$ cat coords-v3.txt   # compact mmCIF, C-alpha atoms and all ligand atoms
# COMPACT_ATOMS: atom_id res chain seq x y z
CA MET Q 16 -23.63 0.09 -24.89
CA ALA Q 17 -20.94 -2.34 -23.93
CA ILE Q 18 -22.90 -3.63 -20.96
CA GLU Q 19 -25.85 -4.40 -23.22
CA THR Q 20 -23.56 -6.30 -25.55
CA THR Q 21 -22.23 -8.36 -22.67
CA ILE Q 22 -25.67 -9.24 -21.42
CA GLN Q 23 -26.64 -10.30 -24.90
CA HIS Q 24 -23.54 -12.49 -24.99
CA LEU Q 25 -24.56 -14.17 -21.80
CA ASN Q 26 -28.01 -14.82 -23.17
CA GLY Q 27 -26.49 -16.27 -26.29
CA HIS Q 28 -28.19 -13.73 -28.54
CA SER Q 29 -26.62 -11.22 -30.83
CA PRO Q 30 -27.84 -7.62 -30.69
CA ASN Q 31 -30.19 -8.18 -33.63
CA GLY Q 32 -31.88 -11.00 -31.78
CA VAL Q 33 -30.56 -13.81 -33.98
CA ASP Q 34 -29.22 -16.80 -32.10
CA LYS Q 35 -25.46 -17.14 -32.26
CA VAL Q 36 -23.62 -20.19 -33.41
CA TYR Q 37 -21.01 -21.21 -30.86
CA THR Q 38 -17.77 -22.95 -31.59
CA ASN Q 39 -15.69 -24.82 -29.08
CA GLY Q 40 -13.53 -21.99 -27.75
CA LYS Q 41 -12.88 -21.46 -24.06
CA ASN Q 42 -15.86 -22.87 -22.19
CA GLY Q 43 -17.47 -23.50 -25.55
CA SER Q 44 -18.37 -19.84 -25.70
CA ARG Q 45 -16.54 -18.25 -28.58
CA PRO Q 46 -19.12 -16.86 -30.98
CA ILE Q 47 -18.45 -16.75 -34.69
CA PRO Q 48 -18.09 -13.12 -35.78
CA PRO Q 49 -21.05 -11.80 -37.76
CA ALA Q 50 -20.68 -11.65 -41.52
CA GLU Q 51 -20.48 -7.85 -41.72
CA ALA Q 52 -17.35 -7.86 -39.56
CA THR Q 53 -15.42 -9.92 -42.07
CA GLU Q 54 -15.89 -7.40 -44.90
CA ASN Q 55 -12.85 -5.47 -43.71
CA PRO Q 56 -10.15 -8.09 -43.20
CA TYR Q 57 -8.42 -5.82 -40.68
CA ALA Q 58 -11.51 -5.15 -38.61
CA ILE Q 59 -11.62 -6.67 -35.17
CA PRO Q 60 -14.68 -8.90 -34.85
CA PRO Q 61 -16.80 -6.75 -32.52
CA GLU Q 62 -18.40 -9.66 -30.74
CA GLU Q 63 -15.45 -12.00 -30.37
CA SER Q 64 -15.36 -13.28 -26.85
CA TYR Q 65 -13.42 -15.84 -24.87
CA ASP Q 66 -15.10 -16.09 -21.52
CA PRO Q 67 -18.12 -13.74 -21.46
CA ALA Q 68 -18.78 -13.95 -17.71
CA PHE Q 69 -15.17 -13.14 -16.88
CA GLU Q 70 -15.04 -10.36 -19.48
CA SER Q 71 -18.11 -8.81 -17.91
CA LEU Q 72 -16.33 -8.71 -14.55
CA VAL Q 73 -13.31 -6.99 -16.09
CA GLU Q 74 -15.57 -4.46 -17.76
CA GLN Q 75 -17.25 -3.73 -14.43
CA MET Q 76 -13.85 -3.33 -12.82
CA LEU Q 77 -12.80 -0.82 -15.51
CA ARG Q 78 -15.95 1.23 -14.87
CA ARG Q 79 -15.36 1.05 -11.15
CA LEU Q 80 -11.85 2.41 -11.71
CA GLY Q 81 -13.38 5.41 -13.48
CA GLU Q 82 -12.57 4.20 -16.97
CA ASP Q 83 -14.72 4.08 -20.07
CA PRO Q 84 -14.58 0.47 -21.31
CA THR Q 85 -16.08 1.53 -24.66
CA ARG Q 86 -13.18 3.77 -25.67
CA ASP Q 87 -11.00 2.40 -28.44
CA GLY Q 88 -7.99 1.38 -26.36
CA LEU Q 89 -10.11 -0.55 -23.88
CA LYS Q 90 -12.67 -2.20 -26.17
CA ARG Q 91 -10.85 -5.49 -26.29
CA THR Q 92 -9.25 -5.22 -22.86
CA PRO Q 93 -11.75 -7.51 -21.08
CA LEU Q 94 -11.10 -10.14 -23.75
CA ARG Q 95 -7.34 -9.76 -23.44
CA VAL Q 96 -7.46 -9.86 -19.65
CA ALA Q 97 -9.62 -13.00 -19.75
CA LYS Q 98 -7.11 -14.75 -22.01
CA ALA Q 99 -4.10 -13.53 -20.03
CA MET Q 100 -5.55 -14.54 -16.67
CA ASP Q 101 -6.52 -17.93 -18.06
CA PHE Q 102 -2.93 -18.51 -19.10
CA LEU Q 103 -1.44 -17.09 -15.89
CA THR Q 104 -3.58 -19.44 -13.80
CA SER Q 105 -3.29 -22.46 -16.10
CA GLY Q 106 -1.46 -24.33 -13.32
CA TYR Q 107 -4.83 -25.06 -11.69
CA SER Q 108 -6.01 -27.16 -14.61
CA GLN Q 109 -2.89 -29.28 -15.04
CA SER Q 110 -1.65 -32.18 -13.00
CA LEU Q 111 1.88 -33.16 -12.07
CA ALA Q 112 1.45 -36.44 -13.95
CA GLU Q 113 0.47 -34.59 -17.15
CA VAL Q 114 3.50 -32.34 -16.90
CA VAL Q 115 5.96 -35.15 -16.21
CA ASN Q 116 4.33 -37.38 -18.82
CA GLY Q 117 6.57 -40.33 -18.07
CA ALA Q 118 9.85 -38.47 -18.67
CA LEU Q 119 11.66 -40.33 -15.88
CA PHE Q 120 14.80 -42.31 -16.51
CA GLU Q 121 16.67 -44.99 -14.63
CA ALA Q 122 20.07 -43.79 -13.45
CA GLU Q 123 22.90 -45.31 -11.45
CA GLY Q 124 24.51 -42.05 -10.36
CA GLN Q 125 24.19 -40.55 -6.92
CA GLU Q 126 25.72 -37.19 -7.72
CA MET Q 127 23.92 -33.96 -7.03
CA VAL Q 128 21.99 -32.64 -10.05
CA ILE Q 129 21.56 -28.87 -10.14
CA VAL Q 130 19.46 -26.70 -12.44
CA ARG Q 131 20.08 -23.03 -11.86
CA ASP Q 132 18.31 -19.85 -12.95
CA ILE Q 133 14.93 -21.23 -13.97
CA GLU Q 134 12.86 -18.11 -14.69
CA PHE Q 135 9.39 -18.02 -13.28
CA TYR Q 136 6.47 -15.62 -13.24
CA SER Q 137 3.71 -15.90 -10.66
CA GLN Q 138 1.08 -13.75 -8.97
CA CYS Q 139 0.82 -13.07 -5.27
CA GLU Q 140 -2.44 -14.23 -3.83
CA HIS Q 141 -2.75 -11.14 -1.61
CA HIS Q 142 -2.80 -8.50 -4.33
CA MET Q 143 -2.97 -10.51 -7.55
CA LEU Q 144 0.14 -8.67 -8.68
CA PRO Q 145 3.09 -10.39 -10.30
CA PHE Q 146 6.12 -11.68 -8.56
CA PHE Q 147 8.91 -13.10 -10.64
CA GLY Q 148 12.42 -14.34 -10.35
CA LYS Q 149 14.55 -17.43 -10.54
CA ALA Q 150 14.40 -20.88 -9.06
CA HIS Q 151 17.45 -23.02 -8.39
CA ILE Q 152 16.85 -26.70 -7.92
CA GLY Q 153 19.04 -29.54 -6.78
CA TYR Q 154 18.42 -33.19 -6.10
CA ILE Q 155 20.40 -36.31 -5.31
CA PRO Q 156 18.89 -39.21 -7.22
CA LYS Q 157 18.11 -42.65 -5.90
CA GLY Q 158 17.68 -44.64 -9.10
CA LYS Q 159 15.56 -42.12 -11.03
CA ILE Q 160 16.28 -38.87 -12.85
CA ILE Q 161 14.00 -36.50 -14.72
CA GLY Q 162 14.45 -34.56 -17.98
CA LEU Q 163 15.78 -31.09 -17.21
CA SER Q 164 13.08 -29.31 -19.22
CA LYS Q 165 10.49 -31.06 -17.07
CA ILE Q 166 11.90 -29.42 -13.98
CA ALA Q 167 11.21 -26.00 -15.51
CA ARG Q 168 7.69 -27.12 -16.41
CA ILE Q 169 7.06 -28.25 -12.85
CA VAL Q 170 8.06 -24.76 -11.68
CA ASP Q 171 5.54 -23.28 -14.17
CA LEU Q 172 2.84 -25.68 -13.00
CA PHE Q 173 2.96 -24.17 -9.53
CA ALA Q 174 3.92 -20.60 -10.54
CA ARG Q 175 0.85 -20.23 -12.78
CA ARG Q 176 -1.50 -19.99 -9.83
CA LEU Q 177 -2.17 -17.41 -7.15
CA GLN Q 178 0.72 -18.01 -4.82
CA VAL Q 179 2.92 -16.98 -1.97
CA GLN Q 180 6.59 -17.50 -2.70
CA GLU Q 181 7.18 -19.81 0.26
CA ARG Q 182 4.40 -22.17 -0.80
CA LEU Q 183 5.55 -22.16 -4.42
CA THR Q 184 9.04 -23.14 -3.24
CA GLY Q 185 7.73 -25.93 -1.01
CA GLN Q 186 5.33 -27.29 -3.65
CA VAL Q 187 8.12 -27.61 -6.22
CA ALA Q 188 10.27 -29.45 -3.67
CA ASP Q 189 7.43 -31.78 -2.65
CA ALA Q 190 6.56 -32.50 -6.29
CA LEU Q 191 10.13 -33.59 -6.98
CA VAL Q 192 10.13 -35.78 -3.88
CA GLU Q 193 6.89 -37.39 -5.04
CA ILE Q 194 8.09 -38.06 -8.57
CA LEU Q 195 11.71 -39.05 -7.98
CA GLN Q 196 11.76 -40.36 -4.42
CA PRO Q 197 15.35 -39.15 -4.34
CA GLN Q 198 17.82 -38.94 -1.48
CA GLY Q 199 17.07 -35.27 -1.21
CA VAL Q 200 15.69 -32.15 -2.91
CA ALA Q 201 16.63 -28.50 -2.51
CA VAL Q 202 14.73 -25.57 -3.98
CA VAL Q 203 15.71 -21.93 -3.62
CA THR Q 204 13.68 -19.13 -5.19
CA GLU Q 205 14.65 -15.48 -5.46
CA ALA Q 206 11.86 -13.12 -6.46
CA SER Q 207 10.85 -9.50 -6.81
CA HIS Q 208 7.28 -8.70 -5.83
CA PHE Q 209 5.34 -6.00 -7.64
CA CYS Q 210 3.17 -5.48 -4.58
CA MET Q 211 6.29 -4.34 -2.75
CA MET Q 212 7.87 -2.51 -5.68
CA MET Q 213 4.88 -0.53 -6.97
CA ARG Q 214 2.96 0.15 -3.80
CA GLY Q 215 3.34 -0.11 -0.04
CA VAL Q 216 6.96 0.11 0.94
CA GLN Q 217 8.10 0.71 -2.69
CA LYS Q 218 11.34 -1.13 -2.25
CA GLN Q 219 12.29 -1.52 -5.91
CA ASN Q 220 15.54 -3.31 -5.38
CA SER Q 221 14.64 -5.76 -2.70
CA PHE Q 222 14.13 -9.39 -3.47
CA THR Q 223 12.89 -12.21 -1.39
CA VAL Q 224 14.67 -15.54 -1.03
CA SER Q 225 12.87 -18.66 0.01
CA SER Q 226 14.21 -22.18 0.38
CA ALA Q 227 12.81 -25.66 0.87
CA MET Q 228 15.08 -28.54 1.83
CA ARG Q 229 14.00 -32.16 1.85
CA GLY Q 230 15.84 -35.37 2.78
CA ALA Q 231 19.64 -35.23 2.55
CA PHE Q 232 19.64 -31.47 2.05
CA LYS Q 233 17.73 -30.99 5.26
CA GLU Q 234 19.65 -33.54 7.30
CA ASN Q 235 23.18 -32.92 6.09
CA ALA Q 236 24.64 -29.44 6.54
CA SER Q 237 27.57 -30.01 4.18
CA THR Q 238 25.26 -31.22 1.38
CA ARG Q 239 23.12 -28.13 1.87
CA GLN Q 240 26.18 -25.87 1.91
CA GLU Q 241 27.52 -27.44 -1.28
CA PHE Q 242 24.20 -26.73 -2.99
CA MET Q 243 23.91 -23.17 -1.66
CA GLY Q 244 27.49 -22.45 -2.72
CA LEU Q 245 26.74 -23.59 -6.27
CA VAL Q 246 23.52 -21.61 -6.72
CA THR Q 247 24.18 -18.40 -4.82
CA HIS Q 248 25.16 -15.50 -7.05
CA SER Q 249 26.90 -12.32 -6.22
CA ARG Q 250 24.51 -9.60 -7.30
ZN ZN F 301 1.29 -9.19 -2.66

$ encode --input "coords-v3.txt" --output "structure tokens" --more "lines below"
Ligand SMILES: [Zn+2]
Amino acid sequence: MAIETTIQHLNGHSPNGVDKVYTNGKNGSRPIPPAEATENPYAIPPEESYDPAFESLVEQMLRRLGEDPTRDGLKRTPLRVAKAMDFLTSGYSQSLAEVVNGALFEAEGQEMVIVRDIEFYSQCEHHMLPFFGKAHIGYIPKGKIIGLSKIARIVDLFARRLQVQERLTGQVADALVEILQPQGVAVVTEASHFCMMMRGVQKQNSFTVSSAMRGAFKENASTRQEFMGLVTHSR
């Protein structure tokens, strides 16, 4: 049943053979629910879709896992997964320039700026399972500073992709170097990886620390130590 529905979606035809009207949802593919579905205001539009090709893949995966994608609890799962994955990988469709959006300011100071405990959520590229944790970021300006909220958004830009923690850490550092051309940048991330916690070695309490040092933080041990002393927690 559900497979037929999906194929009909892809062909752009509803089950009764009438051409659908499409609105400009994701990929221009969100069909307007049929009239009968709106009679009960609480009814879920049975044919609502977000990204039909992706939803079809999720449905196939559910079958492959031994599930019945037509049972009540799973009916809208392909749709939900499509939306969730689109959000969780939204970093691919954004640029650094869009995120920063000109929020740079002239500044005289040359003191270290530190933003600690920036939460992030990413997915490992090996298992497509979440890893999450905190990023601590420091930089020493050279004429330019950036709004603090933008730093968190830069972390999201790179976290919302399939990642390895080390690359995420380095990309955030390199992005800040590119934008600010500062005297130095330091990024430390601490993360727990579901692929380690739920499977494999099942080390629930381990976390992985990764660091990327650029400029003054790389060259000057006391600068690096000052930063590490300010961001390292006792757990
Ligand atoms: Zn993994």

$ residues_around --input "coords-v3.txt" --residues "range 145-160 of chain Q" --least-positions-apart "6" --cutoff "6 Å" --atoms "only C-alpha atoms" --output "PyMOL selection string"
chain Q and resi 119-123+125-138+195+197-209

$ axis_aligned_box --input "coords-v3.txt" --around "range 91-96 of chain Q" --padding-each-side "6 Å" --output "AutoDock Vina command-line options"
--center_x -9.5 --center_y -7.7 --center_z -23.0 --size_x 16.4 --size_y 16.9 --size_z 18.6

$ closest_atom_pairs --input "coords-v3.txt" --of "chain Q" --to "ligand ZN 301 (chain F)" --cutoff "7 Å" --atoms "all atoms listed in the file" --output "tab-separated table"
residue	atom	partner	partner_atom	distance
Q:Cys139	CA	F:ZN301	ZN	4.7
Q:Glu140	CA	F:ZN301	ZN	6.4
Q:His141	CA	F:ZN301	ZN	4.6
Q:His142	CA	F:ZN301	ZN	4.5
Q:Met143	CA	F:ZN301	ZN	6.6
Q:Leu144	CA	F:ZN301	ZN	6.2
Q:His208	CA	F:ZN301	ZN	6.8
Q:Cys210	CA	F:ZN301	ZN	4.6
Q:Met211	CA	F:ZN301	ZN	7.0

$ closest_residue --input "coords-v3.txt" --among "Q:Gly88, Q:Gly106, Q:Gly124, Q:Pro67" --to "Arg176 in chain Q" --atoms "all atoms listed in the file"
Q:Gly106

$ atom_distance --input "coords-v3.txt" --atom1 "CA of Val115 in chain Q" --atom2 "CA of Ala231 in chain Q"
23.2 Å

$ atom_distance --input "coords-v3.txt" --atom1 "CA of Leu103 in chain Q" --atom2 "CA of Met243 in chain Q"
29.7 Å

$ atom_distance --input "coords-v3.txt" --atom1 "CA of Gly244 in chain Q" --atom2 "CA of Ser164 in chain Q"
23.0 Å

$ residues_near_point --input "coords-v3.txt" --point "(-7.4, -11.2, -18.9)" --cutoff "10 Å" --atoms "all atoms listed in the file" --output "list in words"
Tyr65, Asp66, Phe69, Glu70, Val73, Arg91, Thr92, Pro93, Leu94, Arg95, Val96, Ala97, Lys98, Ala99, Met100, Asp101, Phe102 and Leu103 of chain Q

$ decode --input "coords-v3.txt" --residues "range 117-152 of chain Q" --atoms "N, CA and C atoms" --output "tab-separated table (two decimals), in the first residue's frame"
chain	number	residue	atom	x	y	z
Q	117	GLY	N	27.96	40.06	7.85
Q	117	GLY	CA	28.51	41.39	8.12
Q	117	GLY	C	28.64	41.77	9.58
Q	118	ALA	N	28.41	40.83	10.50
Q	118	ALA	CA	28.45	41.18	11.93
Q	118	ALA	C	29.88	41.21	12.48
Q	119	LEU	N	30.73	41.98	11.81
Q	119	LEU	CA	32.10	42.18	12.26
Q	119	LEU	C	32.24	43.63	12.71
Q	120	PHE	N	33.04	43.83	13.75
Q	120	PHE	CA	33.17	45.17	14.30
Q	120	PHE	C	34.64	45.52	14.45
Q	121	GLU	N	34.94	46.79	14.25
Q	121	GLU	CA	36.30	47.27	14.48
Q	121	GLU	C	36.55	47.27	15.99
Q	122	ALA	N	37.74	46.89	16.39
Q	122	ALA	CA	38.06	46.90	17.82
Q	122	ALA	C	39.54	47.15	18.01
Q	123	GLU	N	39.84	47.97	19.03
Q	123	GLU	CA	41.23	48.30	19.33
Q	123	GLU	C	41.91	47.18	20.10
Q	124	GLY	N	41.14	46.53	20.99
Q	124	GLY	CA	41.70	45.63	21.99
Q	124	GLY	C	42.48	44.47	21.40
Q	125	GLN	N	43.43	43.98	22.18
Q	125	GLN	CA	44.20	42.82	21.78
Q	125	GLN	C	44.14	41.76	22.86
Q	126	GLU	N	43.07	41.80	23.65
Q	126	GLU	CA	42.92	40.83	24.73
Q	126	GLU	C	42.23	39.58	24.19
Q	127	MET	N	42.54	38.47	24.81
Q	127	MET	CA	41.94	37.20	24.41
Q	127	MET	C	40.43	37.22	24.65
Q	128	VAL	N	39.67	36.83	23.64
Q	128	VAL	CA	38.21	36.71	23.78
Q	128	VAL	C	37.91	35.22	23.87
Q	129	ILE	N	37.11	34.84	24.88
Q	129	ILE	CA	36.81	33.41	25.04
Q	129	ILE	C	35.30	33.22	25.13
Q	130	VAL	N	34.79	32.26	24.37
Q	130	VAL	CA	33.40	31.84	24.51
Q	130	VAL	C	33.44	30.36	24.87
Q	131	ARG	N	32.88	30.07	26.03
Q	131	ARG	CA	32.95	28.71	26.55
Q	131	ARG	C	31.61	28.02	26.42
Q	132	ASP	N	31.63	26.68	26.40
Q	132	ASP	CA	30.41	25.88	26.54
Q	132	ASP	C	29.37	26.17	25.46
Q	133	ILE	N	29.81	26.24	24.22
Q	133	ILE	CA	28.85	26.34	23.11
Q	133	ILE	C	28.38	24.92	22.79
Q	134	GLU	N	27.11	24.67	23.02
Q	134	GLU	CA	26.57	23.32	22.75
Q	134	GLU	C	26.55	23.06	21.26
Q	135	PHE	N	26.87	21.85	20.89
Q	135	PHE	CA	26.68	21.49	19.48
Q	135	PHE	C	26.20	20.05	19.35
Q	136	TYR	N	25.54	19.80	18.24
Q	136	TYR	CA	25.02	18.46	17.93
Q	136	TYR	C	25.39	18.17	16.49
Q	137	SER	N	26.09	17.06	16.28
Q	137	SER	CA	26.52	16.71	14.94
Q	137	SER	C	26.27	15.22	14.72
Q	138	GLN	N	26.65	14.74	13.54
Q	138	GLN	CA	26.51	13.31	13.25
Q	138	GLN	C	27.83	12.80	12.69
Q	139	CYS	N	28.26	11.64	13.20
Q	139	CYS	CA	29.52	11.10	12.70
Q	139	CYS	C	29.30	10.57	11.29
Q	140	GLU	N	30.28	10.79	10.46
Q	140	GLU	CA	30.13	10.38	9.07
Q	140	GLU	C	30.33	8.88	8.89
Q	141	HIS	N	30.81	8.19	9.89
Q	141	HIS	CA	31.04	6.75	9.76
Q	141	HIS	C	29.80	5.93	10.02
Q	142	HIS	N	28.95	6.40	10.94
Q	142	HIS	CA	27.76	5.64	11.31
Q	142	HIS	C	26.48	6.45	11.17
Q	143	MET	N	26.61	7.71	10.85
Q	143	MET	CA	25.46	8.62	10.83
Q	143	MET	C	24.70	8.58	12.15
Q	144	LEU	N	25.45	8.50	13.23
Q	144	LEU	CA	24.87	8.57	14.57
Q	144	LEU	C	25.33	9.89	15.20
Q	145	PRO	N	24.56	10.39	16.13
Q	145	PRO	CA	24.91	11.70	16.70
Q	145	PRO	C	26.20	11.66	17.52
Q	146	PHE	N	26.91	12.75	17.48
Q	146	PHE	CA	27.85	13.07	18.55
Q	146	PHE	C	27.57	14.50	18.95
Q	147	PHE	N	27.75	14.76	20.24
Q	147	PHE	CA	27.34	16.07	20.75
Q	147	PHE	C	28.22	16.45	21.91
Q	148	GLY	N	28.27	17.73	22.17
Q	148	GLY	CA	29.11	18.17	23.27
Q	148	GLY	C	29.21	19.67	23.29
Q	149	LYS	N	30.39	20.14	23.68
Q	149	LYS	CA	30.60	21.58	23.85
Q	149	LYS	C	31.86	22.01	23.12
Q	150	ALA	N	31.78	23.22	22.61
Q	150	ALA	CA	32.95	23.82	21.99
Q	150	ALA	C	33.36	25.03	22.82
Q	151	HIS	N	34.66	25.19	22.96
Q	151	HIS	CA	35.21	26.37	23.64
Q	151	HIS	C	36.11	27.06	22.63
Q	152	ILE	N	35.90	28.36	22.51
Q	152	ILE	CA	36.59	29.08	21.44
Q	152	ILE	C	37.27	30.31	22.00
